[in-house]
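Undergrad: Coordinates in work.txt, compact mmCIF, C-alpha atoms, are listed below.
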# COMPACT_ATOMS: atom_id res chain seq x y z
CA MET A 1 -8.49 -18.21 -14.03
CA GLU A 2 -5.17 -16.34 -13.69
CA SER A 3 -1.94 -18.31 -13.49
CA PRO A 4 0.03 -18.28 -10.20
CA GLU A 5 2.73 -16.18 -11.88
CA LYS A 6 0.21 -13.49 -12.88
CA GLN A 7 -1.29 -13.49 -9.39
CA TYR A 8 2.17 -13.08 -7.85
CA ASN A 9 3.03 -10.26 -10.26
CA LYS A 10 -0.21 -8.52 -9.31
CA ALA A 11 0.62 -8.85 -5.61
CA LEU A 12 4.09 -7.44 -6.17
CA GLY A 13 2.69 -4.55 -8.17
CA LYS A 14 0.34 -3.35 -5.44
CA GLY A 15 3.05 -1.12 -4.02
CA ILE A 16 2.91 1.19 -7.02
CA LYS A 17 -0.58 2.38 -6.09
CA ILE A 18 0.29 5.66 -4.45
CA PHE A 19 -2.84 7.69 -3.89
CA THR A 20 -5.47 5.22 -2.75
CA LYS A 21 -7.86 5.97 0.09
CA SER A 22 -5.95 3.80 2.53
CA SER A 23 -2.47 4.94 1.50
CA SER A 24 -3.00 8.71 1.25
CA LEU A 25 -5.50 9.60 3.99
CA VAL A 26 -3.39 8.26 6.87
CA PRO A 27 -0.31 10.41 6.03
CA ILE A 28 -2.48 13.49 5.46
CA VAL A 29 -4.26 13.06 8.80
CA ALA A 30 -0.89 12.36 10.48
CA ILE A 31 0.51 15.65 9.12
CA ILE A 32 -2.54 17.56 10.39
CA LEU A 33 -2.27 15.93 13.82
CA GLY A 34 1.47 16.70 13.88
CA LEU A 35 0.81 20.38 13.15
CA ILE A 36 -1.88 20.46 15.83
CA THR A 37 0.53 18.90 18.33
CA GLY A 38 3.10 21.58 17.50
CA ALA A 39 0.46 24.27 17.94
CA LEU A 40 -0.44 22.92 21.39
CA VAL A 41 3.22 22.93 22.39
CA MET A 42 3.53 26.55 21.25
CA LEU A 43 0.39 27.55 23.16
CA ALA A 44 1.80 25.90 26.27
CA GLY A 45 4.98 27.93 25.84
CA GLY A 46 3.08 31.19 25.38
CA TYR A 47 3.57 31.52 21.63
CA ASN A 48 0.99 32.22 18.93
CA PRO A 49 0.90 29.16 16.63
CA LEU A 50 -0.84 31.02 13.79
CA VAL A 51 1.91 33.64 13.69
CA ALA A 52 4.57 30.96 14.00
CA TYR A 53 3.23 28.78 11.19
CA GLY A 54 2.64 31.85 9.05
CA ALA A 55 6.29 32.84 9.50
CA LEU A 56 7.43 29.27 8.82
CA PHE A 57 5.63 28.85 5.52
CA GLY A 58 6.18 32.48 4.54
CA LYS A 59 9.95 31.95 4.86
CA LEU A 60 9.85 29.36 2.08
CA ILE A 61 8.72 31.87 -0.57
CA GLU A 62 9.98 35.12 0.94
CA SER A 63 12.68 35.63 -1.71
CA PRO A 64 14.36 33.81 -4.59
CA TYR A 65 17.19 32.96 -2.19
CA ASP A 66 14.80 31.29 0.25
CA ILE A 67 13.14 29.31 -2.54
CA GLY A 68 16.55 28.12 -3.71
CA GLU A 69 17.70 27.19 -0.22
CA THR A 70 14.46 25.31 0.38
CA ILE A 71 15.15 23.23 -2.73
CA ARG A 72 18.70 22.70 -1.46
CA ALA A 73 17.35 21.41 1.87
CA ILE A 74 14.89 19.06 0.13
CA THR A 75 17.46 17.41 -2.17
CA PRO A 76 19.41 15.25 0.33
CA LEU A 77 16.17 14.05 1.91
CA ILE A 78 15.05 12.66 -1.45
CA PHE A 79 18.23 10.60 -1.69
CA THR A 80 18.12 9.23 1.86
CA GLY A 81 14.37 8.62 1.65
CA LEU A 82 14.91 6.56 -1.51
CA SER A 83 17.72 4.69 0.22
CA VAL A 84 15.59 3.62 3.17
CA ALA A 85 12.56 2.85 0.99
CA PHE A 86 14.52 0.75 -1.50
CA ALA A 87 15.84 -1.50 1.25
CA PHE A 88 12.41 -1.74 2.84
CA ARG A 89 10.81 -2.72 -0.46
CA THR A 90 13.23 -5.65 -0.59
CA GLY A 91 12.53 -6.79 2.97
CA LEU A 92 15.41 -5.00 4.73
CA PHE A 93 15.57 -2.19 7.29
CA ASN A 94 18.30 0.25 6.31
CA ILE A 95 18.93 2.28 9.46
CA GLY A 96 22.43 3.03 8.17
CA ALA A 97 21.61 5.69 5.57
CA GLU A 98 23.35 8.20 7.84
CA GLY A 99 26.69 6.39 7.66
CA GLN A 100 26.25 5.77 3.93
CA PHE A 101 25.57 9.49 3.46
CA VAL A 102 28.81 10.35 5.29
CA MET A 103 30.78 7.82 3.25
CA GLY A 104 29.30 9.30 0.09
CA MET A 105 30.67 12.65 1.21
CA LEU A 106 34.06 11.05 1.83
CA GLY A 107 34.16 9.33 -1.58
CA ALA A 108 33.35 12.58 -3.37
CA THR A 109 35.90 14.50 -1.28
CA LEU A 110 38.67 11.99 -1.97
CA ILE A 111 38.20 12.18 -5.74
CA GLY A 112 37.44 15.90 -5.74
CA VAL A 113 40.59 16.82 -3.78
CA LYS A 114 43.14 14.21 -4.87
CA LEU A 115 42.46 14.08 -8.62
CA ASP A 116 42.73 16.88 -11.14
CA LEU A 117 40.88 16.01 -14.33
CA PRO A 118 38.84 17.78 -17.02
CA TRP A 119 35.40 18.75 -15.71
CA PHE A 120 33.52 16.33 -17.98
CA LEU A 121 35.42 13.46 -16.32
CA HIS A 122 36.06 14.84 -12.85
CA ALA A 123 32.52 15.83 -11.84
CA PRO A 124 30.84 12.55 -12.89
CA LEU A 125 33.70 10.51 -11.39
CA ALA A 126 33.44 12.33 -8.05
CA MET A 127 29.68 11.76 -8.01
CA LEU A 128 30.13 8.06 -8.80
CA GLY A 129 32.85 7.80 -6.15
CA GLY A 130 30.39 8.95 -3.51
CA ALA A 131 27.69 6.57 -4.77
CA VAL A 132 30.05 3.57 -4.90
CA LEU A 133 31.54 4.18 -1.45
CA GLY A 134 28.07 4.61 0.03
CA GLY A 135 27.00 1.41 -1.72
CA ILE A 136 30.02 -0.53 -0.44
CA TRP A 137 29.33 0.69 3.09
CA ALA A 138 25.77 -0.62 2.88
CA GLY A 139 26.93 -3.74 1.05
CA ILE A 140 28.97 -4.73 4.10
CA VAL A 141 25.72 -4.76 6.09
CA GLY A 142 24.10 -6.88 3.38
CA TYR A 143 27.02 -9.32 3.39
CA LEU A 144 26.85 -9.73 7.17
CA LYS A 145 23.12 -10.36 6.85
CA ALA A 146 23.46 -12.86 4.00
CA LYS A 147 26.52 -14.80 5.15
CA ARG A 148 26.47 -14.51 8.92
CA GLY A 149 22.82 -13.85 9.71
CA VAL A 150 23.62 -10.56 11.47
CA ASN A 151 20.53 -8.39 11.91
CA GLU A 152 20.84 -5.46 9.51
CA VAL A 153 19.31 -2.99 11.98
CA ILE A 154 22.06 -3.58 14.54
CA SER A 155 24.94 -3.71 12.07
CA SER A 156 23.79 -0.65 10.10
CA ILE A 157 23.48 1.43 13.28
CA MET A 158 27.02 0.44 14.25
CA MET A 159 28.26 1.25 10.76
CA ASN A 160 26.88 4.78 11.14
CA TRP A 161 29.37 5.55 13.91
CA ILE A 162 32.22 3.68 12.26
CA GLY A 163 31.62 5.66 9.08
CA LEU A 164 31.59 9.00 10.92
CA TYR A 165 34.87 8.45 12.74
CA LEU A 166 36.56 6.79 9.77
CA ALA A 167 35.68 9.83 7.65
CA ASN A 168 37.05 12.14 10.35
CA TYR A 169 40.29 10.15 10.45
CA VAL A 170 40.76 10.17 6.68
CA ILE A 171 40.04 13.90 6.42
CA GLY A 172 42.36 14.80 9.30
CA THR A 173 45.17 12.55 8.04
CA TRP A 174 45.19 12.91 4.24
CA LEU A 175 42.74 15.53 3.03
CA SER A 176 43.41 18.63 5.14
CA GLU A 177 46.26 20.86 6.17
CA LYS A 178 47.61 20.52 9.69
CA GLY A 179 45.37 22.17 12.27
CA GLN A 180 42.41 22.47 9.91
CA GLN A 181 39.03 20.99 10.86
CA LYS A 182 37.91 20.55 7.28
CA SER A 183 39.24 19.06 4.09
CA ASN A 184 40.86 21.06 1.34
CA GLU A 185 38.45 22.48 -1.24
CA VAL A 186 37.51 20.13 -4.06
CA HIS A 187 38.77 21.23 -7.47
CA GLU A 188 36.47 23.44 -9.49
CA SER A 189 36.36 20.73 -12.16
CA ALA A 190 34.62 18.39 -9.67
CA SER A 191 31.95 20.89 -8.66
CA TRP A 192 28.27 20.32 -9.44
CA SER A 193 27.26 23.89 -8.56
CA ILE A 194 25.17 25.71 -11.17
CA GLY A 195 26.58 29.24 -11.12
CA TRP A 196 24.06 30.96 -13.39
CA LEU A 197 21.13 29.45 -11.50
CA SER A 198 22.63 30.45 -8.14
CA GLU A 199 22.95 34.04 -9.35
CA MET A 200 19.36 33.97 -10.56
CA MET A 201 18.28 32.77 -7.09
CA ASP A 202 20.23 35.49 -5.22
CA HIS A 203 23.25 33.20 -4.69
CA ALA A 204 21.32 30.30 -3.17
CA ARG A 205 23.37 27.09 -3.29
CA MET A 206 21.81 25.51 -6.35
CA HIS A 207 23.44 22.43 -7.84
CA GLY A 208 22.87 19.59 -10.29
CA GLY A 209 22.17 17.12 -7.50
CA THR A 210 18.52 18.23 -7.48
CA ILE A 211 18.11 17.09 -11.08
CA VAL A 212 19.87 13.81 -10.30
CA ALA A 213 17.55 13.30 -7.30
CA LEU A 214 14.48 13.63 -9.53
CA ILE A 215 16.01 11.18 -12.00
CA CYS A 216 16.61 8.75 -9.12
CA VAL A 217 12.92 8.96 -8.17
CA PHE A 218 12.10 7.78 -11.68
CA LEU A 219 14.84 5.11 -11.63
CA PHE A 220 13.53 3.82 -8.29
CA TYR A 221 10.21 3.03 -9.95
CA ILE A 222 11.70 1.63 -13.15
CA LEU A 223 14.18 -0.62 -11.36
CA LEU A 224 11.77 -2.11 -8.85
CA TRP A 225 8.65 -2.50 -10.98
CA LYS A 226 9.77 -2.66 -14.61
CA THR A 227 12.82 -4.93 -14.58
CA LYS A 228 13.51 -8.60 -13.94
CA GLN A 229 16.10 -7.60 -11.34
CA GLY A 230 13.51 -5.56 -9.47
CA TYR A 231 11.11 -8.50 -9.52
CA GLU A 232 13.77 -10.68 -7.89
CA LEU A 233 14.61 -8.03 -5.31
CA ARG A 234 10.97 -7.69 -4.25
CA ALA A 235 10.38 -11.43 -4.37
CA VAL A 236 13.26 -12.06 -1.96
CA GLY A 237 11.89 -9.34 0.31
CA LEU A 238 8.39 -10.84 0.32
CA ASN A 239 9.46 -14.45 0.93
CA PRO A 240 13.15 -15.46 0.92
CA ASP A 241 12.34 -19.17 1.24
CA ALA A 242 10.00 -19.14 -1.77
CA ALA A 243 12.52 -17.08 -3.77
CA HIS A 244 15.26 -19.60 -2.93
CA TYR A 245 12.98 -22.46 -3.96
CA ALA A 246 12.36 -20.65 -7.27
CA GLY A 247 16.11 -20.66 -7.94
CA MET A 248 17.00 -17.10 -6.90
CA ASN A 249 20.30 -16.42 -5.13
CA VAL A 250 18.94 -14.90 -1.92
CA GLY A 251 22.31 -13.97 -0.40
CA ARG A 252 23.53 -12.19 -3.51
CA THR A 253 20.19 -10.38 -3.83
CA VAL A 254 20.39 -9.12 -0.24
CA VAL A 255 23.88 -7.71 -0.82
CA LYS A 256 22.77 -6.17 -4.12
CA SER A 257 19.73 -4.57 -2.50
CA MET A 258 21.79 -2.98 0.27
CA PHE A 259 24.42 -1.79 -2.23
CA ILE A 260 21.79 0.02 -4.32
CA ALA A 261 20.19 1.50 -1.20
CA GLY A 262 23.59 2.72 0.00
CA ALA A 263 24.35 4.19 -3.42
CA PHE A 264 21.25 6.40 -3.16
CA ALA A 265 22.37 7.71 0.23
CA GLY A 266 25.95 8.06 -1.00
CA LEU A 267 24.77 10.25 -3.86
CA GLY A 268 23.10 12.54 -1.35
CA GLY A 269 26.35 12.89 0.57
CA ALA A 270 28.37 13.40 -2.60
CA PHE A 271 26.26 16.36 -3.70
CA GLU A 272 26.50 17.98 -0.27
CA VAL A 273 30.26 18.19 -0.89
CA LEU A 274 30.28 18.79 -4.64
CA GLY A 275 27.28 21.11 -4.85
CA VAL A 276 26.79 22.82 -1.50
CA PHE A 277 29.94 23.20 0.62
CA GLY A 278 32.88 22.23 -1.57
CA TYR A 279 34.61 20.48 1.33
CA GLN A 280 33.96 18.04 4.16
CA THR A 281 34.39 18.89 7.83
CA ILE A 282 35.66 16.85 10.76
CA SER A 283 32.38 16.41 12.64
CA SER A 284 31.52 15.37 16.18
CA ALA A 285 28.06 14.31 15.03
CA SER A 286 26.56 13.11 11.77
CA PRO A 287 24.50 15.56 9.64
CA GLY A 288 21.16 13.84 10.33
CA TYR A 289 19.90 13.46 6.77
CA GLY A 290 19.98 9.67 6.98
CA PHE A 291 17.79 9.59 10.07
CA ASP A 292 15.39 12.11 8.52
CA GLY A 293 15.33 9.85 5.46
CA ILE A 294 13.67 7.16 7.61
CA ALA A 295 10.86 9.60 8.38
CA VAL A 296 10.60 10.63 4.72
CA SER A 297 10.35 6.99 3.64
CA LEU A 298 7.77 6.24 6.32
CA LEU A 299 5.57 9.22 5.47
CA GLY A 300 5.94 8.57 1.73
CA GLY A 301 4.74 4.99 2.09
CA ASN A 302 7.98 3.73 0.47
CA THR A 303 6.69 4.88 -2.92
CA PRO A 304 8.73 7.14 -5.24
CA ILE A 305 6.21 9.98 -5.56
CA GLY A 306 5.32 9.71 -1.86
CA ILE A 307 8.99 10.08 -0.94
CA LEU A 308 9.33 13.16 -3.15
CA LEU A 309 6.31 14.81 -1.49
CA ALA A 310 7.46 13.84 2.01
CA ALA A 311 10.94 15.24 1.31
CA ILE A 312 9.36 18.52 0.18
CA LEU A 313 7.37 18.67 3.43
CA PHE A 314 10.24 17.84 5.77
CA GLY A 315 12.76 19.96 3.88
CA GLY A 316 10.34 22.88 3.89
CA LEU A 317 9.66 22.51 7.61
CA THR A 318 13.37 22.33 8.39
CA TYR A 319 14.34 25.40 6.37
CA GLY A 320 11.22 27.36 7.29
CA SER A 321 11.92 26.88 11.00
CA GLY A 322 14.49 29.67 10.68
CA GLY A 323 11.75 32.15 9.78
CA MET A 324 9.65 30.91 12.67
CA SER A 325 12.55 31.54 15.01
CA PHE A 326 13.46 35.02 13.76
CA GLU A 327 10.00 36.43 13.04
CA ALA A 328 7.89 34.75 15.73
CA ASP A 329 10.63 34.11 18.33
CA VAL A 330 9.64 30.44 18.51
CA PRO A 331 12.48 27.94 19.12
CA THR A 332 13.39 25.90 16.05
CA GLU A 333 13.13 22.74 18.16
CA VAL A 334 9.35 23.04 17.87
CA VAL A 335 9.65 21.97 14.23
CA ARG A 336 11.44 18.81 15.36
CA ILE A 337 8.50 18.20 17.70
CA VAL A 338 6.14 18.56 14.73
CA ILE A 339 8.20 16.14 12.64
CA GLY A 340 8.42 13.70 15.55
CA ALA A 341 4.66 13.91 16.07
CA ILE A 342 4.03 13.22 12.37
CA ILE A 343 6.25 10.14 12.55
CA PHE A 344 4.47 9.02 15.71
CA PHE A 345 1.04 9.30 14.13
CA ILE A 346 2.21 7.58 10.94
CA ALA A 347 3.49 4.68 13.03
CA SER A 348 0.36 4.65 15.18
CA HIS A 349 -2.20 3.74 12.53
CA GLY A 350 -4.73 2.88 15.20
CA ILE A 351 -4.81 6.44 16.57
CA VAL A 352 -5.13 7.96 13.10
CA ARG A 353 -7.88 5.57 12.06
CA MET A 354 -9.71 6.30 15.34
CA VAL A 355 -9.67 10.00 14.42
CA MET A 356 -10.87 9.17 10.89
CA LYS A 357 -13.58 6.74 11.99
CA PRO A 358 -16.43 9.24 12.63
CA PHE A 359 -15.89 10.85 9.23
CA SER A 360 -15.72 7.53 7.38
CA PHE A 361 -18.89 6.39 9.19
CA ARG A 362 -20.83 9.43 7.98
CA ARG A 363 -19.51 9.02 4.45
CA ASN A 364 -20.39 5.32 4.32
CA LYS A 365 -23.74 5.62 6.13
CA PRO A 366 -26.33 3.90 3.90
CA THR A 367 -29.37 5.76 2.66
CA ASP A 368 -32.94 4.57 3.25
CA GLY A 369 -33.11 3.29 -0.30
CA SER A 370 -29.94 1.24 0.12
CA LYS A 371 -31.32 -0.19 3.37
CA GLU A 372 -34.46 -1.34 1.60
CA ALA A 373 -32.39 -2.79 -1.21
CA SER A 374 -30.20 -4.69 1.25
CA ARG A 375 -33.30 -6.12 2.98
CA THR A 376 -34.74 -7.40 -0.27
Is it possible to express this structure as structure tokens?

TA:
Amino acid sequence: MESPEKQYNKALGKGIKIFTKSSSLVPIVAIILGLITGALVMLAGGYNPLVAYGALFGKLIESPYDIGETIRAITPLIFTGLSVAFAFRTGLFNIGAEGQFVMGMLGATLIGVKLDLPWFLHAPLAMLGGAVLGGIWAGIVGYLKAKRGVNEVISSIMMNWIGLYLANYVIGTWLSEKGQQKSNEVHESASWSIGWLSEMMDHARMHGGTIVALICVFLFYILLWKTKQGYELRAVGLNPDAAHYAGMNVGRTVVKSMFIAGAFAGLGGAFEVLGVFGYQTISSASPGYGFDGIAVSLLGGNTPIGILLAAILFGGLTYGSGGMSFEADVPTEVVRIVIGAIIFFIASHGIVRMVMKPFSFRRNKPTDGSKEASRT
């Protein structure tokens, strides 16, 4: 008989099973239903869905530039998807990845504009500045949860707006020239752009953040499932009372979990400044990557490989919507309807399983021989 510790480890390790029948079929069916919903909306508006979807997916591989820009659109979704999923794996709902993303942009902009260092120091420091500021922003939510019992959903949503307007204030006051609606350009030594690769991809905005995002997917798995710290983080998420009884510092673990989650989102924001634009604008609305990260995490089942695949899907849909608009004259908002429908069907497991039920019944229908065997 297995010891209680081995049984608990086995229960904690179940999340690493990515492509099981129950975990992979529901997202696949949800994607199909989402595409069908989008097609019905297009038919109602008088558009041809086959032409529209053909233009959408054709846009992704139309030229080296489009391939590069598709990768560029996927990269921030990997970071924010990891951010939301990491918190969820530890029993927390991080709805504040949007604000953490913006603060990551601000941290990278501050270091990229104000400091002038050799590239081998400046670029990593600017990246870390974005990660740390994003982590601190999420850590505040964790502290309020641990010390004051404030629900992290409410506080993280509020921190989104505080982060947006604080970033606007800092940019307008210290990082831009008078009358400008964007910060000064970060120094070339802080840039993560890959010039030779951009030229190869017809000047698409390629940068090292994509490589870092893939490394973070691997680190997500290693940290949560292969380290003692990850064991504690998941244990607190599964049962805080039991974790406390076992001698774990629940409050400190909650703050640590939110800090790491915020650091993932902050990295995404940092690379938008250091690799894509080279500056940060004064914005009236947040960029939206943090909110899309919730959908990526949900579709990916909060697993590292699932998040990578979901980010590829959502990033591809978002960038490909431009081709759908120009070539098929279909409004780009239809893609948001498709994404919203996918999220709806993912959340509504009952509807998806109802659609799957007839097929599973046929597959599992016993043969005459098995009937006779069951009778005997």

Undergrad: Using all atoms listed in the file, which residues of range 109-198 of chain A come within 7 Å of range 95-104 of chain A, and what is the closest atom pair for each, with the distance in Å to one decimal? Give it as a tab-separated table, sorted by chain and residue number.

TA:
residue	atom	partner	partner_atom	distance
A:Gly130	CA	A:Gly104	CA	3.8
A:Ala131	CA	A:Gly104	CA	5.8
A:Leu133	CA	A:Gly104	CA	5.8
A:Gly134	CA	A:Gln100	CA	4.5
A:Trp137	CA	A:Gln100	CA	6.0
A:Ala138	CA	A:Gln100	CA	6.5
A:Val153	CA	A:Ile95	CA	5.9
A:Ser156	CA	A:Gly96	CA	4.4
A:Ile157	CA	A:Gly96	CA	5.5
A:Met159	CA	A:Gly99	CA	6.2
A:Asn160	CA	A:Gly99	CA	3.8
A:Trp161	CA	A:Gly99	CA	6.9
A:Gly163	CA	A:Gly99	CA	5.2
A:Leu164	CA	A:Val102	CA	6.4
A:Ala167	CA	A:Met103	CA	6.9

Undergrad: With all atoms listed in the file as the counted atoms, please give the residues lying no more than 8 Å from Pro76 in chain A, apart from itself and same-chain residues fewer than 3 positions off, as a list in words.

TA: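 The contact residues come out as Arg72, Ala73, Phe79, Thr80, Gly268, Gly269, Glu272 and Tyr289 of chain A.
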
Undergrad: Separation of CA of Thr70 in chain A and CA of Gly262 in chain A, in Å?

TA: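 Between these atoms lies a distance of 24.4 Å.
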
Undergrad: Enter the distance from CA of Leu50 in chain A to CA of Gly300 in chain A, in Å, rounded to one decimal.

TA: 26.4 Å

Undergrad: Just want the 10 Å neighbourhood of Ser198 in chain A, counted on all atoms listed in the file, with same-chain residues fewer than 3 positions away dropped. Output as a list in words.

TA: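 Contacts, in chain order: Pro64, Tyr65, Gly68, Glu69, Ser193, Ile194, Gly195, Met201, Asp202, His203, Ala204, Arg205, Met206 and His207 of chain A.
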
Undergrad: Kindly save the residues from that selection, with C-alpha atoms included, as a PDB file, keeping the file's coordinate frame.

TA:
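Result file follows (part_25.pdb):
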ATOM      1  CA  PRO A  64      14.360  33.810  -4.590  1.00  0.00           C
ATOM      2  CA  TYR A  65      17.190  32.960  -2.190  1.00  0.00           C
ATOM      3  CA  GLY A  68      16.550  28.120  -3.710  1.00  0.00           C
ATOM      4  CA  GLU A  69      17.700  27.190  -0.220  1.00  0.00           C
ATOM      5  CA  SER A 193      27.260  23.890  -8.560  1.00  0.00           C
ATOM      6  CA  ILE A 194      25.170  25.710 -11.170  1.00  0.00           C
ATOM      7  CA  GLY A 195      26.580  29.240 -11.120  1.00  0.00           C
ATOM      8  CA  MET A 201      18.280  32.770  -7.090  1.00  0.00           C
ATOM      9  CA  ASP A 202      20.230  35.490  -5.220  1.00  0.00           C
ATOM     10  CA  HIS A 203      23.250  33.200  -4.690  1.00  0.00           C
ATOM     11  CA  ALA A 204      21.320  30.300  -3.170  1.00  0.00           C
ATOM     12  CA  ARG A 205      23.370  27.090  -3.290  1.00  0.00           C
ATOM     13  CA  MET A 206      21.810  25.510  -6.350  1.00  0.00           C
ATOM     14  CA  HIS A 207      23.440  22.430  -7.840  1.00  0.00           C
TER      15      HIS A 207
END

Undergrad: May I ask which of the residues A:Ile346, A:Ala246, A:Val273, A:Ala85 is the closest one to Ala126 in chain A, counting all atoms listed in the file?

TA: A:Val273

Undergrad: Can you work out which one of A:Asn168, A:Thr37, A:Ser183, A:Thr90 has the shortest atom-to-atom distance to Leu238 in chain A, counting only C-alpha atoms?

TA: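 Of the candidates, the smallest distance to Leu238 in chain A is held by A:Thr90.
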
Undergrad: Pick the closest to Gly320 in chain A from A:Met105, A:Leu92, A:Val276, A:Val334: which is it, counting all atoms listed in the file?

TA: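 Among A:Met105, A:Leu92, A:Val276, A:Val334, it is A:Val334 that comes nearest to Gly320 in chain A.
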
Undergrad: Report as a PDB file with C-alpha atoms, keeping the file's coordinate frame all protein, DNA and RNA residues lying within 8 Å of Leu33 in chain A, evaluated on all atoms listed in the file, omitting residues in the same chain fewer than 5 positions from it.

TA:
ATOM      1  CA  ALA A 341       4.660  13.910  16.070  1.00  0.00           C
ATOM      2  CA  ILE A 342       4.030  13.220  12.370  1.00  0.00           C
ATOM      3  CA  PHE A 345       1.040   9.300  14.130  1.00  0.00           C
TER       4      PHE A 345
END

Undergrad: Show me, as a PyMOL selection string, the residues that have an atom within 10 Å of Leu308 in chain A when counting only C-alpha atoms, minus same-chain residues fewer than 4 positions from it.

TA: chain A and resi 74-75+77-79+81-82+213-214+217+296-297+300+303-304+312-313

Undergrad: Using C-alpha atoms, can you export the residues from the last selection as a tab-separated table (two decimals), keeping the file's coordinate frame?

TA:
chain	number	residue	atom	x	y	z
A	74	ILE	CA	14.89	19.06	0.13
A	75	THR	CA	17.46	17.41	-2.17
A	77	LEU	CA	16.17	14.05	1.91
A	78	ILE	CA	15.05	12.66	-1.45
A	79	PHE	CA	18.23	10.60	-1.69
A	81	GLY	CA	14.37	8.62	1.65
A	82	LEU	CA	14.91	6.56	-1.51
A	213	ALA	CA	17.55	13.30	-7.30
A	214	LEU	CA	14.48	13.63	-9.53
A	217	VAL	CA	12.92	8.96	-8.17
A	296	VAL	CA	10.60	10.63	4.72
A	297	SER	CA	10.35	6.99	3.64
A	300	GLY	CA	5.94	8.57	1.73
A	303	THR	CA	6.69	4.88	-2.92
A	304	PRO	CA	8.73	7.14	-5.24
A	312	ILE	CA	9.36	18.52	0.18
A	313	LEU	CA	7.37	18.67	3.43

Undergrad: One decimal, in Å: what's the spacing between CA of Phe344 in chain A and CA of Asn302 in chain A?

TA: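 Here the two named atoms are 16.5 Å from each other.
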
Undergrad: For a quick check of understanding, using all atoms listed in the file, which of A:Gly107, A:Ile36, A:His244, A:Ile339 has the smallest distance to Ile136 in chain A?

TA: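 Smallest distance to Ile136 in chain A is found for A:Gly107.
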
Undergrad: Select, from A:Met42, A:Val51, A:Val132, A:Leu224, the residue with the minimum atom-to-atom distance to Met324 in chain A, counting only C-alpha atoms.

TA: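 Selected residue with least distance to Met324 in chain A: A:Val51.
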
Undergrad: Report, as lines of an AutoDock Vina configuration file, the axis-aligned box around all atoms of range 201-219 of chain A present in the file, extended by 8 Å on each side; give centre and edge lengths in Å to one decimal place.

TA:
center_x = 17.8
center_y = 20.3
center_z = -7.6
size_x = 27.3
size_y = 46.4
size_z = 24.8

Undergrad: Calculated over only C-alpha atoms, which of the candidates A:Phe326, A:Gln280, A:Ser189, A:Val29 has the smallest distance to Lys357 in chain A?

TA: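 Using only C-alpha atoms, the shortest distance to Lys357 in chain A belongs to A:Val29.
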